[in-house]
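*Asks:* Structure file my_file-v6.cif (mmCIF, C-alpha atoms) right here:
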```
data_target
loop_
_atom_site.label_atom_id
_atom_site.label_comp_id
_atom_site.auth_asym_id
_atom_site.auth_seq_id
_atom_site.Cartn_x
_atom_site.Cartn_y
_atom_site.Cartn_z
CA MET N 1 -87.27 212.88 252.60
CA ALA N 2 -83.93 213.28 250.81
CA GLY N 3 -85.46 215.22 247.93
CA ARG N 4 -84.77 214.78 244.27
CA GLN N 5 -81.29 213.74 243.26
CA VAL N 6 -81.38 215.80 240.04
CA LYS N 7 -83.41 218.98 239.80
CA LEU N 8 -84.19 220.44 236.37
CA GLU N 9 -86.47 223.28 235.31
CA HIS N 10 -89.22 222.12 232.95
CA ALA N 11 -91.03 224.02 230.21
CA GLU N 12 -93.72 226.45 231.33
CA LYS N 13 -97.31 225.46 230.61
CA GLY N 14 -98.50 227.05 227.37
CA SER N 15 -94.96 227.82 226.14
CA ILE N 16 -93.51 226.99 222.73
CA LEU N 17 -90.40 224.86 222.16
CA TYR N 18 -88.56 225.47 218.90
CA HIS N 19 -86.62 222.80 217.03
CA TYR N 20 -83.99 224.17 214.63
CA THR N 21 -83.12 221.85 211.79
CA LYS N 22 -82.12 221.65 208.13
CA SER N 23 -84.42 220.88 205.21
CA ASN N 24 -83.80 217.12 205.36
CA GLY N 25 -84.51 217.17 209.10
CA ILE N 26 -87.82 218.98 208.80
CA ASN N 27 -88.82 216.64 205.99
CA GLY N 28 -88.31 213.61 208.26
CA ILE N 29 -90.15 215.21 211.17
CA ILE N 30 -93.24 216.30 209.23
CA ASN N 31 -93.47 213.42 206.77
CA HIS N 32 -92.45 210.61 209.12
CA ASN N 33 -93.19 212.00 212.61
CA CYS N 34 -89.67 211.09 213.65
CA PHE N 35 -86.98 212.93 215.63
CA TRP N 36 -83.29 212.01 215.79
CA ALA N 37 -81.50 212.11 219.16
CA THR N 38 -77.70 212.42 218.94
CA LYS N 39 -75.26 210.50 221.13
CA SER N 40 -74.35 212.82 223.99
CA ASP N 41 -70.59 212.87 223.40
CA PHE N 42 -71.06 213.82 219.72
CA LEU N 43 -72.85 217.14 220.30
CA ASN N 44 -71.71 220.41 218.76
CA ASP N 45 -69.78 221.81 221.73
CA PRO N 46 -66.87 219.41 222.41
CA ASN N 47 -66.16 221.00 225.81
CA GLU N 48 -69.65 221.02 227.28
CA PHE N 49 -69.29 217.73 229.15
CA SER N 50 -65.97 218.77 230.71
CA HIS N 51 -67.41 222.13 231.83
CA ILE N 52 -68.86 220.52 234.95
CA GLN N 53 -65.39 219.51 236.16
CA GLY N 54 -64.53 223.07 237.20
CA ILE N 55 -67.90 223.48 238.90
CA VAL N 56 -67.53 220.28 240.92
CA ASP N 57 -63.94 221.07 241.93
CA GLU N 58 -64.94 224.55 243.11
CA VAL N 59 -67.93 223.37 245.15
CA CYS N 60 -65.94 220.57 246.79
CA ARG N 61 -63.14 222.98 247.74
CA GLU N 62 -65.71 225.26 249.38
CA ASN N 63 -67.60 222.54 251.25
CA ILE N 64 -65.08 219.79 251.98
CA ILE N 65 -62.37 221.62 253.90
CA ASP N 66 -60.15 218.61 254.54
CA GLN N 67 -58.11 218.25 251.34
CA ALA N 68 -57.43 214.56 251.89
CA LEU N 69 -61.16 213.84 252.26
CA ARG N 70 -61.93 216.02 249.25
CA ASP N 71 -59.38 214.28 247.03
CA MET N 72 -60.57 210.86 248.19
CA PHE N 73 -64.25 211.69 247.49
CA LEU N 74 -63.54 213.15 244.04
CA GLN N 75 -61.36 210.19 243.10
CA ASP N 76 -63.95 207.66 244.28
CA SER N 77 -66.95 209.44 242.75
CA PHE N 78 -66.49 212.11 240.09
CA TYR N 79 -63.29 210.77 238.54
CA ALA N 80 -64.06 207.08 239.07
CA GLU N 81 -64.61 204.87 236.07
CA THR N 82 -67.99 203.15 236.10
CA GLU N 83 -68.06 199.41 235.58
CA LYS N 84 -70.59 199.84 232.80
CA LYS N 85 -70.60 203.25 231.16
CA ARG N 86 -74.12 204.50 230.53
CA GLU N 87 -74.85 205.81 227.05
CA TYR N 88 -77.19 208.75 226.52
CA PHE N 89 -78.76 210.37 223.47
CA VAL N 90 -79.92 213.98 223.34
CA LEU N 91 -82.75 215.70 221.45
CA SER N 92 -82.55 219.50 221.55
CA PHE N 93 -85.09 222.29 221.35
CA SER N 94 -84.89 225.98 222.22
CA LYS N 95 -87.08 228.55 223.95
CA CYS N 96 -85.87 231.20 221.49
CA ARG N 97 -88.11 231.77 218.47
CA ASP N 98 -85.60 233.51 216.20
CA SER N 99 -81.98 233.12 217.31
CA ILE N 100 -79.00 234.06 215.14
CA THR N 101 -76.87 231.74 217.29
CA MET N 102 -79.15 228.79 216.59
CA TRP N 103 -79.45 229.61 212.90
CA SER N 104 -75.68 229.67 212.47
CA GLU N 105 -75.42 226.28 214.17
CA PHE N 106 -78.38 224.47 212.63
CA GLY N 107 -78.59 225.39 208.98
CA ASN N 108 -78.63 229.12 208.32
CA LYS N 109 -78.84 228.52 204.55
CA THR N 110 -81.20 225.56 204.41
CA GLY N 111 -82.66 225.85 207.88
CA TYR N 112 -86.13 225.84 209.35
CA ASN N 113 -87.45 226.20 212.86
CA ILE N 114 -90.52 224.26 214.02
CA GLY N 115 -92.42 225.70 216.96
CA PHE N 116 -94.20 223.03 219.04
CA ARG N 117 -96.69 223.55 221.85
CA SER N 118 -94.54 222.42 224.78
CA ASN N 119 -97.08 220.47 226.84
CA GLU N 120 -98.23 218.49 223.84
CA ILE N 121 -94.84 217.71 222.32
CA ILE N 122 -93.46 216.59 225.70
CA ALA N 123 -96.44 214.27 226.13
CA ARG N 124 -95.98 212.87 222.62
CA ILE N 125 -92.28 212.22 223.17
CA GLU N 126 -93.02 210.53 226.51
CA GLU N 127 -95.56 208.37 224.69
CA ALA N 128 -92.96 207.38 222.08
CA ALA N 129 -89.93 206.69 224.26
CA GLU N 130 -88.86 206.61 227.89
CA ILE N 131 -87.34 209.99 228.71
CA ALA N 132 -84.53 209.68 231.23
CA TYR N 133 -84.40 213.44 231.88
CA HIS N 134 -85.69 216.62 230.28
CA GLY N 135 -85.41 220.28 231.12
CA LEU N 136 -83.74 223.61 230.46
CA VAL N 137 -79.98 223.72 230.09
CA VAL N 138 -78.35 225.69 232.93
CA TYR N 139 -75.90 228.40 231.82
CA ASN N 140 -75.57 230.45 235.00
CA ALA N 141 -72.44 229.39 236.90
CA LYS N 142 -73.91 230.44 240.25
CA LYS N 143 -76.94 228.23 239.72
CA GLN N 144 -74.72 225.36 238.59
CA ARG N 145 -72.75 225.61 241.83
CA GLN N 146 -75.98 225.76 243.84
CA LEU N 147 -77.24 222.53 242.26
CA ILE N 148 -74.00 220.65 242.97
CA ARG N 149 -73.78 222.13 246.49
CA ARG N 150 -77.38 221.10 247.16
CA ASN N 151 -76.49 217.55 246.24
CA ILE N 152 -73.43 217.10 248.43
CA CYS N 153 -74.58 219.29 251.34
CA ASN N 154 -78.27 218.37 251.48
CA TYR N 155 -79.24 215.39 249.37
CA LEU N 156 -76.45 213.00 250.40
CA PRO N 157 -76.48 213.85 254.16
CA ASN N 158 -80.29 213.57 254.26
CA LEU N 159 -80.26 210.31 252.32
CA PHE N 160 -77.73 208.67 254.68
CA HIS N 161 -78.85 210.50 257.85
CA MET N 162 -75.41 211.84 258.73
CA PRO N 163 -73.33 214.97 258.09
CA LEU N 164 -71.20 214.96 254.95
CA VAL N 165 -67.94 214.97 256.89
CA ASP N 166 -69.01 211.87 258.85
CA LEU N 167 -69.97 210.11 255.64
CA LEU N 168 -66.54 210.85 254.17
CA GLU N 169 -64.82 209.76 257.37
CA LEU N 170 -66.44 206.36 256.93
CA GLY N 171 -64.70 206.14 253.58
CA ARG N 172 -61.35 207.19 255.04
CA GLN N 173 -61.58 204.52 257.74
CA ASN N 174 -62.95 201.86 255.42
CA PRO N 175 -62.98 202.51 251.64
CA GLN N 176 -65.35 199.56 251.22
CA ASP N 177 -67.99 200.94 253.58
CA ASP N 178 -71.41 200.40 251.99
CA ASN N 179 -72.79 203.85 252.77
CA TYR N 180 -69.67 205.60 251.50
CA ILE N 181 -69.65 203.59 248.27
CA LYS N 182 -73.36 204.26 247.73
CA ALA N 183 -72.80 207.99 248.33
CA CYS N 184 -70.01 208.06 245.76
CA ARG N 185 -72.17 206.27 243.19
CA LYS N 186 -75.08 208.62 243.87
CA PHE N 187 -72.87 211.66 243.34
CA GLN N 188 -71.35 210.12 240.24
CA LYS N 189 -74.78 209.63 238.70
CA THR N 190 -75.80 213.17 239.60
CA THR N 191 -72.78 214.74 237.94
CA GLU N 192 -73.18 212.44 234.93
CA VAL N 193 -76.65 213.87 234.36
CA TYR N 194 -75.82 217.48 235.18
CA ALA N 195 -72.90 217.28 232.74
CA MET N 196 -75.53 217.09 229.99
CA PHE N 197 -77.42 220.12 231.31
CA PHE N 198 -74.56 222.46 232.35
CA LYS N 199 -73.07 224.67 229.65
CA HIS N 200 -70.80 227.70 229.67
CA GLU N 201 -72.65 230.99 230.00
CA GLY N 202 -71.30 232.02 226.59
CA PHE N 203 -73.93 229.71 225.06
CA ALA N 204 -76.82 231.23 227.03
CA GLU N 205 -78.46 232.72 223.93
CA GLU N 206 -79.32 229.20 222.78
CA GLN N 207 -81.93 228.87 225.58
CA GLU N 208 -81.75 225.13 225.02
CA TYR N 209 -84.29 222.60 226.25
CA ARG N 210 -83.03 219.02 226.21
CA PHE N 211 -84.54 215.57 226.21
CA VAL N 212 -82.15 212.82 227.29
CA PHE N 213 -82.71 209.14 226.50
CA LYS N 214 -80.75 206.24 227.97
CA LYS N 215 -79.54 203.52 225.61
CA ARG N 216 -81.05 200.16 226.45
CA LYS N 217 -80.32 196.62 225.29
CA ASP N 218 -82.95 196.79 222.55
CA THR N 219 -82.08 200.33 221.41
CA ILE N 220 -81.16 200.46 217.72
CA VAL N 221 -78.37 202.94 216.98
CA HIS N 222 -78.21 204.49 213.50
CA PHE N 223 -75.39 206.42 211.85
CA ARG N 224 -75.25 209.31 209.40
CA ALA N 225 -72.33 211.08 207.77
CA LYS N 226 -71.46 214.54 209.05
CA ASP N 227 -68.34 216.60 208.32
CA GLY N 228 -66.31 213.53 207.47
CA PHE N 229 -67.27 211.31 210.40
CA MET N 230 -70.12 208.99 211.33
CA LEU N 231 -72.61 210.51 213.77
CA PRO N 232 -74.52 208.02 215.98
CA TYR N 233 -78.17 208.71 216.71
CA ILE N 234 -81.39 206.99 217.67
CA GLU N 235 -84.84 207.51 216.23
CA ILE N 236 -87.72 208.80 218.35
CA PRO N 237 -90.74 207.81 216.23
CA LEU N 238 -93.93 209.54 217.32
CA SER N 239 -97.41 208.20 216.62
CA GLU N 240 -99.05 209.09 213.32
CA LYS N 241 -101.30 211.68 214.94
CA TYR N 242 -100.79 215.28 213.88
CA LEU N 243 -97.82 216.91 215.56
CA PRO N 244 -98.60 219.92 217.80
CA ILE N 245 -97.00 222.42 215.40
CA GLU N 246 -97.73 226.06 216.18
CA GLU N 247 -95.62 227.63 213.42
CA ILE N 248 -92.62 227.16 211.14
CA MET N 249 -89.95 229.77 210.47
CA VAL N 250 -87.58 229.94 207.49
CA ALA N 251 -83.89 230.67 208.19
CA PRO N 252 -82.42 234.15 207.48
CA GLN N 253 -80.38 233.06 204.45
CA ASN N 254 -83.17 230.94 203.02
CA HIS N 255 -85.44 233.82 202.00
CA ILE N 256 -86.31 232.61 198.56
CA ASP N 257 -89.93 232.43 197.52
CA LEU N 258 -89.78 228.67 197.08
CA ALA N 259 -88.57 228.07 200.66
CA LYS N 260 -91.71 229.59 202.17
CA SER N 261 -94.21 228.52 199.53
CA GLY N 262 -92.83 224.98 199.36
CA MET N 263 -93.16 224.60 203.12
CA GLU N 264 -96.68 226.03 203.06
CA TYR N 265 -97.71 223.57 200.37
CA MET N 266 -96.17 220.61 202.23
CA LEU N 267 -98.04 221.55 205.41
CA HIS N 268 -101.25 221.94 203.42
CA THR N 269 -100.94 218.50 201.81
CA LYS N 270 -100.30 216.98 205.26
CA GLY N 271 -103.36 218.66 206.74
CA TYR N 272 -101.57 221.23 208.92
CA ALA N 273 -102.79 224.80 209.31
CA ALA N 274 -99.63 226.18 210.94
CA ASN N 275 -98.31 229.55 209.84
CA VAL N 276 -95.01 229.77 207.91
CA SER N 277 -92.98 232.95 208.39
CA LEU N 278 -89.56 234.32 207.54
CA SER N 279 -86.88 235.04 210.12
CA ASN N 280 -86.77 238.68 211.20
CA ILE N 281 -82.98 238.60 211.40
CA LYS N 282 -81.27 240.53 208.60
CA LEU N 283 -77.93 239.18 207.43
CA ARG N 284 -75.51 240.55 204.87
CA TYR N 285 -74.40 238.11 202.21
#
```
I need this file expressed as structure tokens, please.

*Replies:*
Amino acid sequence: MAGRQVKLEHAEKGSILYHYTKSNGINGIINHNCFWATKSDFLNDPNEFSHIQGIVDEVCRENIIDQALRDMFLQDSFYAETEKKREYFVLSFSKCRDSITMWSEFGNKTGYNIGFRSNEIIARIEEAAEIAYHGLVVYNAKKQRQLIRRNICNYLPNLFHMPLVDLLELGRQNPQDDNYIKACRKFQKTTEVYAMFFKHEGFAEEQEYRFVFKKRKDTIVHFRAKDGFMLPYIEIPLSEKYLPIEEIMVAPQNHIDLAKSGMEYMLHTKGYAANVSLSNIKLRY
């Protein structure tokens, strides 16, 4: 058995996943049972998908001693242009119940945080759309290197039943060798996915949990205005059953009576019994 090509850590049973959003976002989720997944290259951190480059380069230097082989493999896999670029859309949650980092990023003045029972919300999203990948974002650089190392030192050699150096030698002798080309494409796909789940450790406080969806021929892409540009997203419409909401929290700078009471009344009219609370974070104005 070659093992899994991509290994991600999933939510613990019985845990809560929190979705930080603004007032218009929470209105769409509760009133229309619909999430929006953003195109992967339009996310908030513009460098997060290039972060993996340093990780891959470091692991390959450590494990592919021959520089010529290393350069050839990286050029034919990691840096190679795919014939048809895959498009992904990302829906984000967090394991952190009350995060100042998340509030500052997702609506500290008009923000809310919806806590969902993880097992149930994952099942509902799977019911609504085909999830390509989901799991916790990896912030620890050591773990990131381990995952990439596992792929090139274990997964690929086991899959093709030969040591990595022999596999690369096939490519040096014949760049069109089927096994070598397949190995390059496998590694390319792996890094393409891990690029969406590897972030710099400076963002570790986000404790992000991501759902990734692959664009298909019949996928309808929508656009909304944000900060002067058009942001592409897709809708993830859940069934009309009640959402597995555990609680809702009001952002630190949204502590007006109407923010809490208005949310409580909306939940009541929709038949929800979830608790509404205020963030415990104290901010100066």

*Asks:* Give me the result of the PyMOL selection byres ((chain N and resi 268-280) around 9) on this file, residue by residue, as a ChimeraX atom specification.

*Replies:* /N:30-31,98-99,242-243,245-255,260-261,263-267,281-282

*Asks:* Name the residues in contact with N:Arg172 at a cut-off of 10 Å, using only C-alpha atoms, excluding same-chain residues fewer than 3 positions from it; report them as a PDB file with C-alpha atoms, in the coordinates of the input.

*Replies:*
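Listed below is the output, result.pdb:
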```pdb
ATOM      1  CA  ALA N  68     -57.430 214.560 251.890  1.00  0.00           C
ATOM      2  CA  LEU N  69     -61.160 213.840 252.260  1.00  0.00           C
ATOM      3  CA  MET N  72     -60.570 210.860 248.190  1.00  0.00           C
ATOM      4  CA  PHE N  73     -64.250 211.690 247.490  1.00  0.00           C
ATOM      5  CA  ASP N 166     -69.010 211.870 258.850  1.00  0.00           C
ATOM      6  CA  LEU N 167     -69.970 210.110 255.640  1.00  0.00           C
ATOM      7  CA  LEU N 168     -66.540 210.850 254.170  1.00  0.00           C
ATOM      8  CA  GLU N 169     -64.820 209.760 257.370  1.00  0.00           C
ATOM      9  CA  PRO N 175     -62.980 202.510 251.640  1.00  0.00           C
ATOM     10  CA  GLN N 176     -65.350 199.560 251.220  1.00  0.00           C
ATOM     11  CA  ASP N 177     -67.990 200.940 253.580  1.00  0.00           C
ATOM     12  CA  TYR N 180     -69.670 205.600 251.500  1.00  0.00           C
TER      13      TYR N 180
END
```

*Asks:* Have a look at N:Lys13, N:Ala128, N:Val6, N:Arg210 and name the one nearest to N:Ser94; count all atoms listed in the file.

*Replies:*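 Closest to N:Ser94 of all the choices is N:Arg210.
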
*Asks:* Which residue gives the smallest distance to N:Phe223 among N:Gln188, N:Trp36, N:Tyr20, N:Glu58, with only C-alpha atoms counted?

*Replies:* N:Trp36

*Asks:* Check the smallest atom-to-atom distance from each of N:Val212, N:Met162, N:Ile55, N:Ile125 to N:Tyr139 using all atoms listed in the file, then report the winner.

*Replies:*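 Of all the options, N:Ile55 lies closest to N:Tyr139.
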
*Asks:* Restricting the calculation to only C-alpha atoms, which member of N:Phe78, N:Phe211, N:Phe89, N:Tyr133 is positioned closest to N:Lys186?

*Replies:*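 Among N:Phe78, N:Phe211, N:Phe89, N:Tyr133, it is N:Phe78 that comes nearest to N:Lys186.
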
*Asks:* Could you state which residues are captured by the PyMOL selection byres ((chain N and resi 112) around 9) in this file, as a VMD selection string?

*Replies:* chain N and resid 19 to 23 25 to 26 103 106 to 108 110 to 111 113 to 114 248 to 251 254

*Asks:* Separation of atom CA of N:Phe187 and atom CA of N:Ile152, in Å?

*Replies:* 7.5 Å

*Asks:* May I ask which of the residues N:Thr38, N:Arg124, N:Leu156, N:Leu164 is the closest one to N:Glu240, counting only C-alpha atoms?

*Replies:*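 Result for the nearest residue to N:Glu240: N:Arg124.
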
*Asks:* Determine, counting all atoms listed in the file, which protein, DNA and RNA residues have an atom within 9 Å of an atom of N:Ile148; residues of the same chain fewer than 6 positions away are not included. Present the result as an mmCIF file with C-alpha atoms, keeping the file's coordinate frame.

*Replies:*
```
data_model
loop_
_atom_site.group_PDB
_atom_site.id
_atom_site.type_symbol
_atom_site.label_atom_id
_atom_site.label_comp_id
_atom_site.auth_asym_id
_atom_site.auth_seq_id
_atom_site.Cartn_x
_atom_site.Cartn_y
_atom_site.Cartn_z
ATOM 1 C CA ILE N 55 -67.900 223.480 238.900
ATOM 2 C CA VAL N 56 -67.530 220.280 240.920
ATOM 3 C CA VAL N 59 -67.930 223.370 245.150
ATOM 4 C CA CYS N 60 -65.940 220.570 246.790
ATOM 5 C CA THR N 190 -75.800 213.170 239.600
ATOM 6 C CA THR N 191 -72.780 214.740 237.940
ATOM 7 C CA TYR N 194 -75.820 217.480 235.180
#
```

*Asks:* Any idea what's packed within 12 Å of N:Leu91, counting all atoms listed in the file, ignoring anything in its chain fewer than 6 positions away? Could you give it as a ChimeraX atom specification?

*Replies:* /N:17-21,34-40,42-43,122,125,129,131-135,196,208-214,233-236

*Asks:* Considering all atoms listed in the file, state which residue in the set N:Arg61, N:Lys226, N:Lys217, N:Arg185 is at the smallest distance from N:Arg145.

*Replies:* N:Arg61

*Asks:* Measure the distance from atom CA of N:Phe198 to atom CA of N:Arg4 in Å and round it to one decimal.

*Replies:*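 So the answer is 17.5 Å.
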
*Asks:* Could you pull out every residue with an atom within 6 Å of (-96.1, 211.4, 213.5), file coordinates, counting all atoms listed in the file, and send them as a list in words?

*Replies:*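 Applying the cut-off with all atoms listed in the file, one gets His32, Asn33, Leu238, Ser239, Glu240 and Lys241 of chain N.
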
*Asks:* Which distance in Å separates atom CA of N:Ala141 and atom CA of N:Asp57, to one decimal?

*Replies:*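 Separation between atom CA of N:Ala141 and atom CA of N:Asp57: 12.9 Å.
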
*Asks:* What box, with edges along x, y and z, holds each listed atom of stretch 46-65 of chain N when 6 Å is added on every side, and can you state its centre and edge lengths in Å to one decimal, as JSON?

*Replies:*
```
{"center_x": -66.0, "center_y": 221.5, "center_z": 238.2, "size_x": 19.3, "size_y": 19.5, "size_z": 43.5}
```
